[in-house]
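*Asks:* What follows is target_14.cif, mmCIF, C-alpha atoms and all ligand atoms.
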```
data_start
loop_
_atom_site.label_atom_id
_atom_site.label_comp_id
_atom_site.auth_asym_id
_atom_site.auth_seq_id
_atom_site.Cartn_x
_atom_site.Cartn_y
_atom_site.Cartn_z
CA MET A 1 11.88 -12.94 2.77
CA ALA A 2 15.22 -11.92 4.18
CA ASN A 3 15.53 -8.99 1.77
CA ILE A 4 12.89 -6.86 3.46
CA HIS A 5 14.50 -3.91 5.18
CA PHE A 6 11.53 -1.63 5.81
CA HIS A 7 8.70 -2.70 8.09
CA PRO A 8 5.65 -1.12 9.73
CA ASN A 9 6.65 0.14 13.19
CA HIS A 10 5.47 -1.52 16.38
CA ASP A 11 2.70 1.01 16.90
CA LEU A 12 1.18 0.29 13.48
CA LEU A 13 1.46 -3.48 13.96
CA SER A 14 -0.09 -3.28 17.36
CA ARG A 15 -2.99 -1.13 16.15
CA TYR A 16 -3.47 -3.55 13.26
CA ALA A 17 -3.56 -6.55 15.60
CA ASN A 18 -6.04 -4.77 17.86
CA GLY A 19 -8.33 -3.82 14.99
CA GLU A 20 -7.72 -0.12 15.57
CA LEU A 21 -6.52 0.80 12.08
CA ASP A 22 -8.70 2.10 9.27
CA SER A 23 -9.42 -0.53 6.63
CA ALA A 24 -7.15 1.05 3.98
CA SER A 25 -4.09 0.97 6.25
CA SER A 26 -5.00 -2.56 7.31
CA ILE A 27 -4.93 -3.66 3.68
CA LEU A 28 -1.37 -2.31 3.31
CA ILE A 29 -0.21 -4.02 6.51
CA SER A 30 -1.91 -7.25 5.57
CA ALA A 31 -0.21 -7.19 2.16
CA HIS A 32 3.16 -6.57 3.86
CA LEU A 33 2.56 -9.52 6.20
CA GLU A 34 2.25 -11.81 3.18
CA PHE A 35 5.86 -10.96 2.38
CA CYS A 36 7.19 -10.75 5.92
CA PRO A 37 7.48 -13.66 8.39
CA HIS A 38 9.26 -11.28 10.78
CA CYS A 39 6.18 -9.06 11.17
CA ARG A 40 3.81 -12.07 11.17
CA GLN A 41 5.70 -13.26 14.23
CA LYS A 42 5.38 -9.86 15.88
CA ILE A 43 1.62 -9.82 15.21
CA ALA A 44 1.31 -13.30 16.71
CA ALA A 45 3.16 -12.11 19.81
CA ILE A 46 0.95 -9.02 20.14
CA GLU A 47 -2.19 -11.16 19.73
CA ALA A 48 -0.96 -13.68 22.30
CA LYS A 49 -0.30 -10.87 24.75
CA GLN A 50 -3.73 -9.40 24.04
CA ALA A 51 -5.34 -12.80 24.63
CA ARG A 52 -3.59 -13.09 28.00
CA ILE A 53 -4.84 -9.64 28.99
CA LEU A 54 -8.38 -10.58 28.00
CA GLU A 55 -8.20 -13.86 29.86
CA SER A 56 -6.98 -12.19 33.00
CA SER A 57 -9.74 -9.62 33.00
CA GLU A 58 -13.24 -11.08 32.72
CA SER A 59 -14.87 -7.69 32.56
CA ALA A 60 -12.63 -6.50 29.75
CA THR A 61 -14.43 -4.95 26.85
CA LEU A 62 -13.54 -6.92 23.78
CA THR A 63 -11.80 -4.90 21.12
CA PRO A 64 -13.07 -5.82 17.69
CA SER A 65 -10.82 -8.55 16.41
CA LEU A 66 -9.15 -8.13 13.08
CA SER A 67 -11.13 -10.93 11.52
CA ALA A 68 -14.36 -9.32 12.67
CA MET A 69 -13.22 -6.08 11.14
CA MET A 70 -12.31 -7.69 7.84
CA LEU A 71 -15.67 -9.46 7.82
CA GLU A 72 -17.28 -6.10 8.32
CA ILE A 73 -15.37 -4.74 5.33
CA MET A 74 -16.34 -7.75 3.24
CA ALA A 75 -19.98 -7.31 4.28
CA HIS A 76 -20.10 -4.26 2.06
CA GLU A 77 -19.20 -6.36 -0.93
CA PRO A 78 -21.89 -7.64 -3.27
CA ALA A 79 -22.60 -11.32 -2.77
CA GLU A 80 -20.53 -13.62 -4.95
CA THR A 81 -22.81 -15.28 -7.45
CA ILE A 82 -20.35 -16.54 -10.01
CA ILE A 83 -17.49 -18.95 -9.74
CA GLU A 84 -14.27 -17.08 -9.24
CA GLU A 85 -12.01 -16.72 -12.20
CA VAL A 86 -8.27 -17.01 -12.02
CA THR A 87 -7.97 -13.36 -12.95
CA ASP A 88 -9.53 -12.47 -9.60
CA CYS A 89 -6.13 -13.22 -8.13
CA GLU A 90 -4.15 -11.25 -10.65
CA LEU A 91 -3.49 -7.69 -11.63
CA THR A 92 -2.81 -7.14 -15.30
CA MET A 93 -1.13 -4.16 -16.87
CA GLU A 94 -0.78 -4.34 -20.62
CA ASP A 95 1.19 -7.57 -21.21
CA LYS A 96 2.25 -7.96 -17.57
CA THR A 97 0.52 -9.99 -14.90
CA TYR A 98 1.12 -9.76 -11.17
CA PRO A 99 -0.35 -11.78 -8.31
CA LEU A 100 -2.69 -9.61 -6.25
CA PRO A 101 -2.13 -9.43 -2.50
CA SER A 102 -4.56 -11.93 -0.93
CA VAL A 103 -6.39 -9.16 0.87
CA LEU A 104 -7.35 -7.65 -2.50
CA GLN A 105 -8.13 -10.88 -4.30
CA ARG A 106 -11.74 -11.15 -5.46
CA HIS A 107 -11.98 -7.36 -5.20
CA ASN A 108 -11.09 -6.61 -8.79
CA ASP A 109 -14.23 -4.55 -9.06
CA LYS A 110 -12.61 -2.06 -6.66
CA ILE A 111 -9.56 -1.62 -8.89
CA GLY A 112 -9.91 1.07 -11.52
CA PRO A 113 -8.42 1.08 -15.03
CA TRP A 114 -4.78 2.04 -15.56
CA SER A 115 -4.16 5.63 -16.45
CA ARG A 116 -0.97 7.33 -17.56
CA LEU A 117 0.81 9.91 -15.44
CA PRO A 118 3.80 12.05 -16.42
CA GLY A 119 7.20 10.38 -16.30
CA ASN A 120 6.37 6.85 -17.50
CA ILE A 121 4.20 6.24 -14.47
CA LYS A 122 0.86 4.48 -14.53
CA ARG A 123 -1.64 4.20 -11.78
CA ALA A 124 -4.80 2.27 -11.03
CA GLN A 125 -6.92 3.49 -8.18
CA VAL A 126 -8.27 1.12 -5.55
CA GLU A 127 -11.57 2.11 -4.06
CA VAL A 128 -11.30 2.14 -0.27
CA SER A 129 -13.47 3.50 2.48
CA GLY A 130 -12.38 6.64 4.32
CA ASP A 131 -10.54 9.72 3.10
CA SER A 132 -7.23 8.20 2.07
CA LYS A 133 -6.43 7.24 -1.50
CA MET A 134 -5.03 3.88 -2.51
CA ASN A 135 -3.33 3.36 -5.85
CA PHE A 136 -1.34 0.76 -7.63
CA ILE A 137 1.60 2.65 -9.09
CA TYR A 138 3.58 1.15 -11.93
CA MET A 139 6.90 2.79 -12.74
CA ASP A 140 8.40 1.72 -16.02
CA SER A 141 12.14 1.19 -16.16
CA ASP A 142 14.26 4.34 -16.06
CA SER A 143 11.42 6.57 -14.86
CA SER A 144 10.95 8.97 -11.98
CA LEU A 145 8.28 10.73 -10.02
CA PRO A 146 8.90 14.47 -9.65
CA GLU A 147 10.48 15.30 -6.30
CA HIS A 148 7.76 15.86 -3.78
CA THR A 149 6.96 16.12 -0.12
CA HIS A 150 3.78 14.87 1.46
CA GLN A 151 1.09 16.79 3.18
CA GLY A 152 0.27 14.04 5.59
CA GLN A 153 1.45 10.51 5.14
CA GLU A 154 2.22 8.22 2.24
CA ILE A 155 2.72 4.51 2.68
CA THR A 156 4.31 2.58 -0.16
CA LEU A 157 4.50 -1.19 -0.35
CA VAL A 158 6.69 -2.61 -3.09
CA LEU A 159 4.96 -5.58 -4.77
CA ALA A 160 7.36 -6.33 -7.61
CA GLY A 161 10.57 -4.98 -9.07
CA GLU A 162 12.37 -2.19 -7.24
CA PHE A 163 12.77 1.56 -7.03
CA TYR A 164 15.18 3.83 -5.21
CA ASP A 165 15.42 7.32 -3.81
CA GLU A 166 17.96 9.34 -1.82
CA SER A 167 17.54 7.05 1.18
CA GLY A 168 17.88 3.63 -0.38
CA THR A 169 16.61 0.91 -2.69
CA TYR A 170 13.23 -0.67 -2.04
CA LYS A 171 12.37 -4.23 -2.95
CA PRO A 172 9.27 -6.46 -2.79
CA GLY A 173 7.76 -6.44 0.70
CA ASP A 174 9.40 -3.19 1.76
CA PHE A 175 6.94 -0.97 3.61
CA ILE A 176 7.93 2.69 3.40
CA VAL A 177 6.23 5.41 5.42
CA GLN A 178 6.82 9.00 4.28
CA THR A 179 5.56 12.03 6.16
CA ASP A 180 5.66 15.76 5.52
CA GLU A 181 9.20 15.78 6.93
CA HIS A 182 10.47 13.82 3.94
CA THR A 183 11.27 15.03 0.48
CA HIS A 184 12.02 12.30 -1.96
CA LEU A 185 12.58 11.50 -5.58
CA PRO A 186 11.51 7.94 -6.39
CA ARG A 187 13.19 6.46 -9.46
CA THR A 188 13.66 3.19 -11.26
CA ARG A 189 16.89 2.07 -12.85
CA GLU A 190 17.31 1.19 -16.49
CA GLY A 191 15.90 -2.25 -17.21
CA GLN A 192 14.11 -2.39 -13.85
CA ASP A 193 10.43 -1.59 -13.48
CA CYS A 194 8.45 -1.48 -10.26
CA LEU A 195 4.92 -2.12 -9.05
CA CYS A 196 3.82 -0.59 -5.74
CA LEU A 197 0.67 -0.28 -3.72
CA THR A 198 0.45 3.17 -2.17
CA LEU A 199 -1.78 4.86 0.35
CA LEU A 200 -1.94 8.63 0.61
CA ASN A 201 -3.84 10.55 3.23
CA ALA A 202 -3.28 13.94 1.61
CA PRO A 203 -2.20 15.21 -1.81
CA LEU A 204 1.48 15.18 -2.70
CA HIS A 205 3.18 18.55 -2.81
CA PHE A 206 5.95 19.01 -5.35
CA THR A 207 8.86 21.13 -4.25
CA SER A 208 11.47 21.59 -6.93
CA GLY A 209 11.74 23.67 -10.07
CA LEU A 210 9.48 22.71 -12.91
CA ALA A 211 7.95 20.02 -10.77
CA THR A 212 6.07 22.69 -8.84
CA LEU A 213 4.12 23.19 -12.05
CA LEU A 214 3.01 19.64 -11.62
CA ASN A 215 1.37 20.25 -8.29
CA PRO A 216 -2.06 19.90 -9.85
CA PHE A 217 -0.76 16.47 -10.84
CA SER A 218 -1.04 15.46 -7.22
CA GLN A 219 -4.76 15.84 -7.65
CA LEU A 220 -4.61 13.01 -10.16
CA PHE A 221 -3.89 10.69 -7.29
CA PHE A 222 -6.93 12.02 -5.54
CA ARG A 223 -9.38 12.01 -8.39
CA ARG A 224 -12.15 9.53 -7.95
ZN ZN B 301 7.84 -6.75 8.19
#
```
Is it possible to express this structure as structure tokens?

*Replies:*
Amino acid sequence: MANIHFHPNHDLLSRYANGELDSASSILISAHLEFCPHCRQKIAAIEAKQARILESSESATLTPSLSAMMLEIMAHEPAETIIEEVTDCELTMEDKTYPLPSVLQRHNDKIGPWSRLPGNIKRAQVEVSGDSKMNFIYMDSDSSLPEHTHQGQEITLVLAGEFYDESGTYKPGDFIVQTDEHTHLPRTREGQDCLCLTLLNAPLHFTSGLATLLNPFSQLFFRR
């Protein structure tokens, strides 16, 4: 998809390929890779290089491969006893249906119900291991999140539609990393909604005016 302008950096891709990332971050990267042939190629190059290093050093300790890691994640899942339904591959929100990223397909039981947040935003939490919080965030058209900074890091992957902030417009496949250095005000335009998958490793911190009153709102993202 030639429209993708925001990618995971080399360090993230390399840690992903080497199985060094936590499972929640790996899910985000994996979902980005479905959109992005450019990063798939980079992963292939990193893996090829890794294979050469392993070949050239017989005594090398094998790093856990990604597939082994994903298998380990899947091992915590209950055994499948029923034939999969089509809805296992889809995310529904009211009358809308979206394809789920492959990495989350058949894990519908980990996706919580939609709840309403201020500002025409809805979220559905995804249960992941570790301390970070994963959410599907749906922004209706012409809506905005209060301006906020991040204590820690927020990764946003656009799945459908688009949103924008002070730094640009983000479209499906875009992988946006925000840290505590950034302040931003995500918005959607009139007639344009947006579905994202987000990963937070600390609560949001709102910075401006009335929005500071909404700071407890950041806890909504963290509620189990
Ligand atoms: Zn990419």

*Asks:* Give me the residues within 10 Å of range 30-43 of chain A as a ChimeraX atom specification, counting all atoms listed in the file and dropping any in the same chain fewer than 4 places off.

*Replies:* /A:1-4,6-10,13-18,24-26,47-49,100-104,157-159,172-175,197

*Asks:* What is the distance between CA of Asp11 in chain A and CA of Pro186 in chain A, in Å to one decimal?

*Replies:*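 Pair CA of Asp11 in chain A / CA of Pro186 in chain A returns 25.8 Å.
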
*Asks:* Draw an axis-aligned box over all listed atoms of range 110-116 of chain A, pad each side with 3 Å, and write its centre and edge lengths in Å, one decimal, as lines of an AutoDock Vina configuration file.

*Replies:*
```
center_x = -6.8
center_y = 2.6
center_z = -12.1
size_x = 17.6
size_y = 15.4
size_z = 16.9
```

*Asks:* Neighbours of Leu145 in chain A within 10 Å (all atoms listed in the file; same-chain residues fewer than 6 positions away dropped), as a PyMOL selection string?

*Replies:* chain A and resi 117-121+139+184-188+206+211

*Asks:* Interatomic distance between CA of Cys194 in chain A and CA of Met134 in chain A?

*Replies:* 16.4 Å

*Asks:* Could you tell me how far CA of Tyr170 in chain A sits from CA of Gly191 in chain A, in Å to one decimal place?

*Replies:* 15.5 Å

*Asks:* Closest to Asn201 in chain A among A:Asp95, A:Asp131, A:Asp180, A:Asp142, using all atoms listed in the file?

*Replies:* A:Asp131

*Asks:* Given the choices A:His107, A:Arg189, A:His5, A:Lys96, which gets closest to ligand ZN 301 (chain B) if the distance is worked out from all atoms listed in the file?

*Replies:*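 Of all the options, A:His5 lies closest to ligand ZN 301 (chain B).
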
*Asks:* Nearest residue to ligand ZN 301 (chain B) out of A:Ser143, A:Ile111, A:Glu20, A:Leu28, using only C-alpha atoms and all ligand atoms?

*Replies:*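 Of the candidates, the smallest distance to ligand ZN 301 (chain B) is held by A:Leu28.
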
*Asks:* So that I can see what lies close to Leu195 in chain A, please list as an MDAnalysis selection string the residues with an atom at most 6 Å from it, counting all atoms listed in the file and leaving out residues fewer than 3 positions away in the same chain.

*Replies:* chainID A and resid 137:138 159:160

*Asks:* I need the residue nearest His182 in chain A from this list: A:Gly130, A:Ser141, A:Asp165, A:Ser23. Use all atoms listed in the file for the distance.

*Replies:*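 Of the candidates, the smallest distance to His182 in chain A is held by A:Asp165.
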
*Asks:* Ranking A:Glu127, A:Glu55, A:Glu94, A:Glu162 by minimum distance to Trp114 in chain A and counting only C-alpha atoms, which one comes first?

*Replies:*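 Smallest separation from Trp114 in chain A among the options: A:Glu94.
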
*Asks:* Write out as a PyMOL selection string which residues come within 7 Å of Leu199 in chain A when counting all atoms listed in the file, dropping same-chain ones fewer than 4 positions away.

*Replies:* chain A and resi 132-135+154-156

*Asks:* Taking only C-alpha atoms and all ligand atoms into account, which of A:Ala45, A:Ile29, A:Leu200, A:Val126 comes nearest ligand ZN 301 (chain B)?

*Replies:*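 Result for the nearest residue to ligand ZN 301 (chain B): A:Ile29.
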